[in-house]
Amino acid sequence: MTQSSFAAPCPVCDSPDGELLEPPHPSRSITSGGIIVDAPLRKLQCLQCGLLRQYPHPESVKTELYRDKYALYHQRPGTSASETARYSAMADWIFAELAPFAPSSILDVGCGGGILLDAMREVRPSLEYAGIDPSIENSALARTRGFSVTTGFTPGTRPPKDQYDLVFAANVISHIQDPIGFLRSMAGMTVPTGRMVIFSHDGSEPGAEHLWADVEFSFCREHLGALAAKAGLELLKSQHVAPAPGQADKYVLVFEHSSSPAFVPQLNNSRRDKLLQGRRQYFKAWQQLADLLSKWAHEASGPLLNFGASFWSMLLAAYCPEYWQHVQACVVDEGNGFFLGKPVLLPERLSASPRPVIVLGTNPISQASLKERLSSRGEVVTWNDLITR
């Protein structure tokens, strides 16, 4: 644990004091787009309000990442069906949390390839949909789905039309270096009687989102409520809609314009201190996982295989490099090609002899059921007792 100071005051509470967390690996990290970085994570947590933030990257690095390289996110083998289902559930969740508000026009800020817009259109086909995205390749993909999309960053890019009834950003604001400016920009693209929605990771418990080098902030609801108030917005009461399946670590927050936003309570000291300590333990758990998987890699009696090509497998590749070096292939239920340098195999292509060692590179929530399913095909290694989210 290293006492430090933020490069700039905390945007939530204005405190300059923070703690630099010991990274899960001393010399490497990874972006959420699957790019391994030859530098450790530099995550600072505010000791006053508990906000977690990334020591900022130069603007030129961020621009290149999102403009030219982020389309790698959509190129993971074997994820097409699961991604379609995930975004469909997200669309249902957003519309449910908005009710009874019924927009006629919708803008997705950071729309990627238009997958979520497509899912929303399936639910409400009569609405007008548009998007903005910094990725050249992703915005072009969204246009092939029939959406009007402008390519560029927010703030700074005009949407296809001036204002919309609903402006939302899904899994975007945590990547923004100036979240208050981003919220103000969203507000400027929303009609006075409209709504803004933030769909994002819930930072109230330590989790995998902390491990991405391009995630600038990990926000609790209280943090975003406070930032929204600074941007002239008010966080509305939740409809308490059940999270989409497999997305209990997310939230849907709805905002409206307000000339005098309501007071937003901060994390109490007990919750804050529990969160600070939990993050320290979480990063330490990833160091322990690297040691555990390295041991399995050296002692494996058969071929070492990684099951999955998801975010979790990306994290294993970055933070457990000795294990990843010994992995011979990634097993996925659909797809082909390569994933982070490893050939992709379908389960039916696994050889019974020698019996392989299959390490689960998947969400810890799914590992118990996957172990039961795959145990006939090899020796299955789980780690959900060490890391749960």
# chains A, B, ... in the order shown; residues from 1 in each chain; ligands from 1
call {"tool": "select_by_dssp", "arguments": {"residues": "segment 114-149 of chain A", "states": "alpha helix (DSSP H)", "output": "JSON list (two decimals) with N, CA and C atoms, in the first residue's frame"}}
result
[["chain", "number", "residue", "atom", "x", "y", "z"],
["A", 115, "ILE", "N", -24.72, -3.13, -31.48],
["A", 115, "ILE", "CA", -25.37, -4.35, -30.98],
["A", 115, "ILE", "C", -26.50, -4.01, -30.01],
["A", 116, "LEU", "N", -26.26, -3.07, -29.10],
["A", 116, "LEU", "CA", -27.31, -2.71, -28.14],
["A", 116, "LEU", "C", -28.43, -1.95, -28.84],
["A", 117, "LEU", "N", -28.10, -1.07, -29.77],
["A", 117, "LEU", "CA", -29.15, -0.39, -30.53],
["A", 117, "LEU", "C", -30.02, -1.42, -31.27],
["A", 118, "ASP", "N", -29.38, -2.43, -31.81],
["A", 118, "ASP", "CA", -30.12, -3.48, -32.51],
["A", 118, "ASP", "C", -31.06, -4.20, -31.55],
["A", 119, "ALA", "N", -30.58, -4.49, -30.34],
["A", 119, "ALA", "CA", -31.41, -5.16, -29.34],
["A", 119, "ALA", "C", -32.58, -4.28, -28.92],
["A", 120, "MET", "N", -32.35, -2.98, -28.80],
["A", 120, "MET", "CA", -33.42, -2.06, -28.42],
["A", 120, "MET", "C", -34.45, -1.96, -29.54],
["A", 121, "ARG", "N", -33.97, -1.97, -30.76],
["A", 121, "ARG", "CA", -34.89, -1.90, -31.91],
["A", 121, "ARG", "C", -35.77, -3.14, -31.99],
["A", 122, "GLU", "N", -35.24, -4.29, -31.57],
["A", 122, "GLU", "CA", -36.06, -5.50, -31.53],
["A", 122, "GLU", "C", -37.23, -5.35, -30.56],
["A", 123, "VAL", "N", -36.98, -4.62, -29.46],
["A", 123, "VAL", "CA", -38.02, -4.43, -28.44],
["A", 123, "VAL", "C", -39.00, -3.34, -28.85],
["A", 136, "ILE", "N", -13.47, 3.93, -35.67],
["A", 136, "ILE", "CA", -13.78, 4.01, -37.10],
["A", 136, "ILE", "C", -14.45, 2.73, -37.57],
["A", 137, "GLU", "N", -13.90, 1.59, -37.17],
["A", 137, "GLU", "CA", -14.42, 0.31, -37.61],
["A", 137, "GLU", "C", -15.78, 0.00, -36.99],
["A", 138, "ASN", "N", -15.92, 0.27, -35.71],
["A", 138, "ASN", "CA", -17.19, -0.05, -35.05],
["A", 138, "ASN", "C", -18.33, 0.83, -35.55],
["A", 139, "SER", "N", -18.08, 2.12, -35.74],
["A", 139, "SER", "CA", -19.15, 2.99, -36.22],
["A", 139, "SER", "C", -19.57, 2.59, -37.63],
["A", 140, "ALA", "N", -18.62, 2.14, -38.44],
["A", 140, "ALA", "CA", -18.97, 1.66, -39.78],
["A", 140, "ALA", "C", -19.83, 0.40, -39.68],
["A", 141, "LEU", "N", -19.52, -0.49, -38.73],
["A", 141, "LEU", "CA", -20.31, -1.69, -38.52],
["A", 141, "LEU", "C", -21.73, -1.33, -38.10],
["A", 142, "ALA", "N", -21.87, -0.33, -37.22],
["A", 142, "ALA", "CA", -23.20, 0.09, -36.77],
["A", 142, "ALA", "C", -24.02, 0.62, -37.94],
["A", 143, "ARG", "N", -23.36, 1.30, -38.88],
["A", 143, "ARG", "CA", -24.08, 1.81, -40.05],
["A", 143, "ARG", "C", -24.61, 0.68, -40.92],
["A", 144, "THR", "N", -23.85, -0.43, -40.99],
["A", 144, "THR", "CA", -24.33, -1.56, -41.79],
["A", 144, "THR", "C", -25.58, -2.17, -41.16]]
call {"tool": "residues_around", "arguments": {"residues": "segment 345-353 of chain A", "least_positions_apart": "3", "cutoff": "7 Å", "atoms": "only C-alpha atoms", "output": "PyMOL selection string"}}
result
chain A and resi 329-334+336+377
call {"tool": "write_last_selection", "arguments": {"atoms": "N, CA and C atoms", "output": "PDB file, in the first residue's frame"}}
result
ATOM      1  N   ALA A 329      -4.091 -24.323 -26.370  1.00  0.00           N
ATOM      2  CA  ALA A 329      -5.233 -23.910 -27.188  1.00  0.00           C
ATOM      3  C   ALA A 329      -6.343 -23.413 -26.274  1.00  0.00           C
ATOM      4  N   CYS A 330      -7.290 -22.666 -26.863  1.00  0.00           N
ATOM      5  CA  CYS A 330      -8.498 -22.251 -26.163  1.00  0.00           C
ATOM      6  C   CYS A 330      -9.680 -23.048 -26.700  1.00  0.00           C
ATOM      7  N   VAL A 331     -10.466 -23.579 -25.798  1.00  0.00           N
ATOM      8  CA  VAL A 331     -11.644 -24.358 -26.168  1.00  0.00           C
ATOM      9  C   VAL A 331     -12.864 -23.450 -26.060  1.00  0.00           C
ATOM     10  N   VAL A 332     -13.653 -23.370 -27.138  1.00  0.00           N
ATOM     11  CA  VAL A 332     -14.876 -22.572 -27.141  1.00  0.00           C
ATOM     12  C   VAL A 332     -16.002 -23.403 -27.755  1.00  0.00           C
ATOM     13  N   ASP A 333     -17.240 -23.028 -27.438  1.00  0.00           N
ATOM     14  CA  ASP A 333     -18.380 -23.792 -27.937  1.00  0.00           C
ATOM     15  C   ASP A 333     -18.701 -23.485 -29.395  1.00  0.00           C
ATOM     16  N   GLU A 334     -18.277 -22.338 -29.879  1.00  0.00           N
ATOM     17  CA  GLU A 334     -18.476 -21.990 -31.275  1.00  0.00           C
ATOM     18  C   GLU A 334     -17.339 -21.062 -31.701  1.00  0.00           C
ATOM     19  N   ASN A 336     -13.782 -20.200 -34.456  1.00  0.00           N
ATOM     20  CA  ASN A 336     -12.501 -20.765 -34.880  1.00  0.00           C
ATOM     21  C   ASN A 336     -11.466 -19.656 -34.920  1.00  0.00           C
ATOM     22  N   ARG A 377     -14.304 -34.748 -20.071  1.00  0.00           N
ATOM     23  CA  ARG A 377     -13.377 -34.467 -21.175  1.00  0.00           C
ATOM     24  C   ARG A 377     -11.952 -34.188 -20.701  1.00  0.00           C
TER      25      ARG A 377
END
call {"tool": "residues_around", "arguments": {"residues": "Val197 of chain A", "least_positions_apart": "6", "cutoff": "10 Å", "atoms": "only C-alpha atoms", "output": "list in words"}}
result
Ile94, Glu97, Leu98, Asp108, Leu166, Val167, Phe168, Ala169, Ala170, Met186, Leu235, Val252, Leu253, Val254, Phe255 and Glu256 of chain A
call {"tool": "residues_around", "arguments": {"residues": "Glu234 of chain A", "least_positions_apart": "2", "cutoff": "12 Å", "atoms": "only C-alpha atoms", "output": "PyMOL selection string"}}
result
chain A and resi 183-184+187+195-197+222+224-232+236-237+253-264
call {"tool": "residues_around", "arguments": {"residues": "His25 of chain A", "least_positions_apart": "6", "cutoff": "7 Å", "atoms": "only C-alpha atoms", "output": "list in words"}}
result
Pro40, Gln287 and Tyr319 of chain A
call {"tool": "write_last_selection", "arguments": {"atoms": "N, CA and C atoms", "output": "PDB file, in the first residue's frame"}}
result
ATOM      1  N   PRO A  40       2.490  -1.860 -15.707  1.00  0.00           N
ATOM      2  CA  PRO A  40       1.554  -2.327 -14.675  1.00  0.00           C
ATOM      3  C   PRO A  40       0.345  -1.415 -14.566  1.00  0.00           C
ATOM      4  N   GLN A 287      -2.755 -11.956  -7.721  1.00  0.00           N
ATOM      5  CA  GLN A 287      -1.366 -12.391  -7.599  1.00  0.00           C
ATOM      6  C   GLN A 287      -1.321 -13.864  -7.176  1.00  0.00           C
ATOM      7  N   TYR A 319      -2.567 -11.314 -16.669  1.00  0.00           N
ATOM      8  CA  TYR A 319      -2.073 -11.293 -15.295  1.00  0.00           C
ATOM      9  C   TYR A 319      -1.546 -12.644 -14.806  1.00  0.00           C
TER      10      TYR A 319
END
call {"tool": "residues_around", "arguments": {"residues": "Thr150 of chain A", "least_positions_apart": "3", "cutoff": "10 Å", "atoms": "only C-alpha atoms", "output": "list in words"}}
result
Val109, Cys111, Ala130, Gly131, Ile132, Asp133, Pro134, Ser135, Ile136, Ser139, Ala140, Ala142, Arg143, Phe147, Phe153, Thr157, Arg158, Pro159 and Pro160 of chain A
call {"tool": "closest_residue", "arguments": {"among": "A:Leu51, A:Val381, A:Ala91, A:Ile36", "to": "Ala368 of chain A", "atoms": "only C-alpha atoms"}}
result
A:Val381
call {"tool": "residues_around", "arguments": {"residues": "Leu275 of chain A", "least_positions_apart": "3", "cutoff": "7 Å", "atoms": "only C-alpha atoms", "output": "list in words"}}
result
Ser204, Glu205, Arg271, Arg272, Gly278 and Arg279 of chain A
call {"tool": "select_by_dssp", "arguments": {"residues": "segment 79-259 of chain A", "states": "strand (DSSP E)", "output": "JSON, numbers by chain"}}
result
{"A": [105, 106, 107, 108, 109, 128, 129, 130, 131, 132, 133, 148, 149, 150, 151, 164, 165, 166, 167, 168, 169, 170, 190, 191, 192, 193, 194, 195, 196, 197, 198, 199, 200, 201, 217, 218, 233, 234, 235, 250, 251, 252, 253, 254, 255, 256, 257]}
call {"tool": "closest_residue", "arguments": {"among": "A:Arg145, A:Gly113, A:Glu22, A:Trp93", "to": "Gln239 of chain A", "atoms": "only C-alpha atoms"}}
result
A:Trp93
call {"tool": "decode", "arguments": {"residues": "segment 80-225 of chain A", "atoms": "C-alpha atoms", "output": "tab-separated table (two decimals), in the first residue's frame"}}
result
chain	number	residue	atom	x	y	z
A	80	SER	CA	-21.65	-14.21	-30.84
A	81	ALA	CA	-24.61	-16.02	-29.26
A	82	SER	CA	-23.78	-15.00	-25.69
A	83	GLU	CA	-23.26	-11.36	-26.68
A	84	THR	CA	-26.59	-11.24	-28.51
A	85	ALA	CA	-28.39	-12.61	-25.45
A	86	ARG	CA	-26.52	-10.26	-23.12
A	87	TYR	CA	-27.42	-7.14	-25.09
A	88	SER	CA	-31.04	-8.24	-25.45
A	89	ALA	CA	-31.28	-8.48	-21.66
A	90	MET	CA	-29.63	-5.07	-21.34
A	91	ALA	CA	-32.22	-3.52	-23.66
A	92	ASP	CA	-35.10	-4.97	-21.63
A	93	TRP	CA	-33.51	-3.74	-18.41
A	94	ILE	CA	-33.02	-0.18	-19.67
A	95	PHE	CA	-36.59	0.15	-20.94
A	96	ALA	CA	-37.96	-1.28	-17.68
A	97	GLU	CA	-35.94	1.14	-15.56
A	98	LEU	CA	-37.16	4.08	-17.69
A	99	ALA	CA	-40.86	3.28	-17.34
A	100	PRO	CA	-43.26	5.03	-17.57
A	101	PHE	CA	-41.09	7.42	-19.62
A	102	ALA	CA	-41.52	6.51	-23.31
A	103	PRO	CA	-38.97	8.08	-25.68
A	104	SER	CA	-39.54	8.41	-29.41
A	105	SER	CA	-35.89	9.08	-30.30
A	106	ILE	CA	-32.78	7.46	-28.81
A	107	LEU	CA	-29.06	8.26	-29.06
A	108	ASP	CA	-26.42	5.74	-27.97
A	109	VAL	CA	-23.20	7.52	-26.99
A	110	GLY	CA	-20.41	5.00	-27.52
A	111	CYS	CA	-22.60	2.69	-29.59
A	112	GLY	CA	-19.81	0.36	-30.71
A	113	GLY	CA	-20.97	-1.86	-33.54
A	114	GLY	CA	-24.64	-1.10	-32.81
A	115	ILE	CA	-25.37	-4.35	-30.98
A	116	LEU	CA	-27.31	-2.71	-28.14
A	117	LEU	CA	-29.15	-0.39	-30.53
A	118	ASP	CA	-30.12	-3.48	-32.51
A	119	ALA	CA	-31.41	-5.16	-29.34
A	120	MET	CA	-33.42	-2.06	-28.42
A	121	ARG	CA	-34.89	-1.90	-31.91
A	122	GLU	CA	-36.06	-5.50	-31.53
A	123	VAL	CA	-38.02	-4.43	-28.44
A	124	ARG	CA	-39.30	-1.06	-29.74
A	125	PRO	CA	-39.05	-1.15	-33.56
A	126	SER	CA	-40.97	2.10	-34.16
A	127	LEU	CA	-38.48	4.40	-32.40
A	128	GLU	CA	-35.75	6.51	-34.01
A	129	TYR	CA	-32.24	5.24	-33.20
A	130	ALA	CA	-28.83	6.86	-33.73
A	131	GLY	CA	-25.32	6.65	-32.31
A	132	ILE	CA	-21.89	8.16	-31.81
A	133	ASP	CA	-18.70	6.11	-31.49
A	134	PRO	CA	-14.98	6.96	-31.65
A	135	SER	CA	-13.99	3.70	-33.33
A	136	ILE	CA	-13.78	4.01	-37.10
A	137	GLU	CA	-14.42	0.31	-37.61
A	138	ASN	CA	-17.19	-0.05	-35.05
A	139	SER	CA	-19.15	2.99	-36.22
A	140	ALA	CA	-18.97	1.66	-39.78
A	141	LEU	CA	-20.31	-1.69	-38.52
A	142	ALA	CA	-23.20	0.09	-36.77
A	143	ARG	CA	-24.08	1.81	-40.05
A	144	THR	CA	-24.33	-1.56	-41.79
A	145	ARG	CA	-27.04	-2.41	-39.24
A	146	GLY	CA	-29.04	0.55	-40.53
A	147	PHE	CA	-28.29	3.18	-37.88
A	148	SER	CA	-27.32	6.80	-38.40
A	149	VAL	CA	-23.94	7.03	-36.63
A	150	THR	CA	-21.30	9.73	-36.43
A	151	THR	CA	-17.67	8.84	-35.75
A	152	GLY	CA	-15.91	10.80	-33.03
A	153	PHE	CA	-15.43	11.45	-29.35
A	154	THR	CA	-17.83	12.90	-26.78
A	155	PRO	CA	-17.61	15.79	-26.01
A	156	GLY	CA	-16.62	17.22	-29.37
A	157	THR	CA	-18.77	15.36	-31.88
A	158	ARG	CA	-22.22	16.46	-33.03
A	159	PRO	CA	-24.81	13.67	-33.14
A	160	PRO	CA	-26.81	12.96	-36.28
A	161	LYS	CA	-29.42	15.47	-35.05
A	162	ASP	CA	-29.25	18.07	-32.27
A	163	GLN	CA	-31.30	16.48	-29.47
A	164	TYR	CA	-33.04	13.23	-28.51
A	165	ASP	CA	-35.65	12.14	-25.97
A	166	LEU	CA	-33.27	9.56	-24.52
A	167	VAL	CA	-29.48	9.72	-24.55
A	168	PHE	CA	-27.70	6.77	-23.00
A	169	ALA	CA	-24.16	5.44	-22.59
A	170	ALA	CA	-23.53	1.76	-21.86
A	171	ASN	CA	-20.19	0.76	-20.35
A	172	VAL	CA	-18.68	4.06	-21.47
A	173	ILE	CA	-18.46	6.60	-18.64
A	174	SER	CA	-15.91	4.52	-16.71
A	175	HIS	CA	-13.54	5.02	-19.68
A	176	ILE	CA	-13.90	8.83	-19.72
A	177	GLN	CA	-11.19	11.01	-18.20
A	178	ASP	CA	-13.60	13.96	-17.65
A	179	PRO	CA	-16.87	12.36	-16.48
A	180	ILE	CA	-18.51	15.69	-15.54
A	181	GLY	CA	-17.82	17.07	-19.02
A	182	PHE	CA	-19.17	13.85	-20.51
A	183	LEU	CA	-22.41	14.11	-18.51
A	184	ARG	CA	-22.82	17.76	-19.52
A	185	SER	CA	-22.36	16.77	-23.14
A	186	MET	CA	-25.02	14.05	-22.81
A	187	ALA	CA	-27.33	16.62	-21.24
A	188	GLY	CA	-26.78	18.99	-24.15
A	189	MET	CA	-27.93	16.29	-26.57
A	190	THR	CA	-31.11	15.59	-24.55
A	191	VAL	CA	-34.37	17.52	-24.90
A	192	PRO	CA	-35.34	19.47	-21.74
A	193	THR	CA	-38.00	16.91	-20.79
A	194	GLY	CA	-35.88	13.92	-21.74
A	195	ARG	CA	-33.87	11.35	-19.84
A	196	MET	CA	-30.26	10.26	-19.72
A	197	VAL	CA	-29.21	6.72	-18.80
A	198	ILE	CA	-25.88	5.41	-17.60
A	199	PHE	CA	-25.43	1.65	-17.79
A	200	SER	CA	-22.19	0.69	-16.10
A	201	HIS	CA	-20.34	-1.54	-13.67
A	202	ASP	CA	-21.32	-1.09	-10.05
A	203	GLY	CA	-18.14	-0.14	-8.23
A	204	SER	CA	-19.56	-0.82	-4.77
A	205	GLU	CA	-17.72	-4.16	-4.63
A	206	PRO	CA	-14.30	-5.13	-5.99
A	207	GLY	CA	-14.48	-6.86	-9.35
A	208	ALA	CA	-12.89	-7.54	-12.70
A	209	GLU	CA	-13.58	-4.03	-14.02
A	210	HIS	CA	-10.77	-2.82	-11.73
A	211	LEU	CA	-8.26	-4.74	-13.86
A	212	TRP	CA	-8.66	-2.96	-17.20
A	213	ALA	CA	-5.94	-0.43	-17.99
A	214	ASP	CA	-8.35	1.76	-19.98
A	215	VAL	CA	-11.01	1.99	-17.26
A	216	GLU	CA	-10.50	5.43	-15.77
A	217	PHE	CA	-12.98	5.19	-12.89
A	218	SER	CA	-14.95	2.65	-10.89
A	219	PHE	CA	-18.14	4.43	-9.79
A	220	CYS	CA	-20.56	3.58	-7.03
A	221	ARG	CA	-24.09	4.94	-7.48
A	222	GLU	CA	-23.28	7.66	-4.97
A	223	HIS	CA	-20.26	8.78	-6.98
A	224	LEU	CA	-22.25	9.17	-10.19
A	225	GLY	CA	-25.08	10.88	-8.35
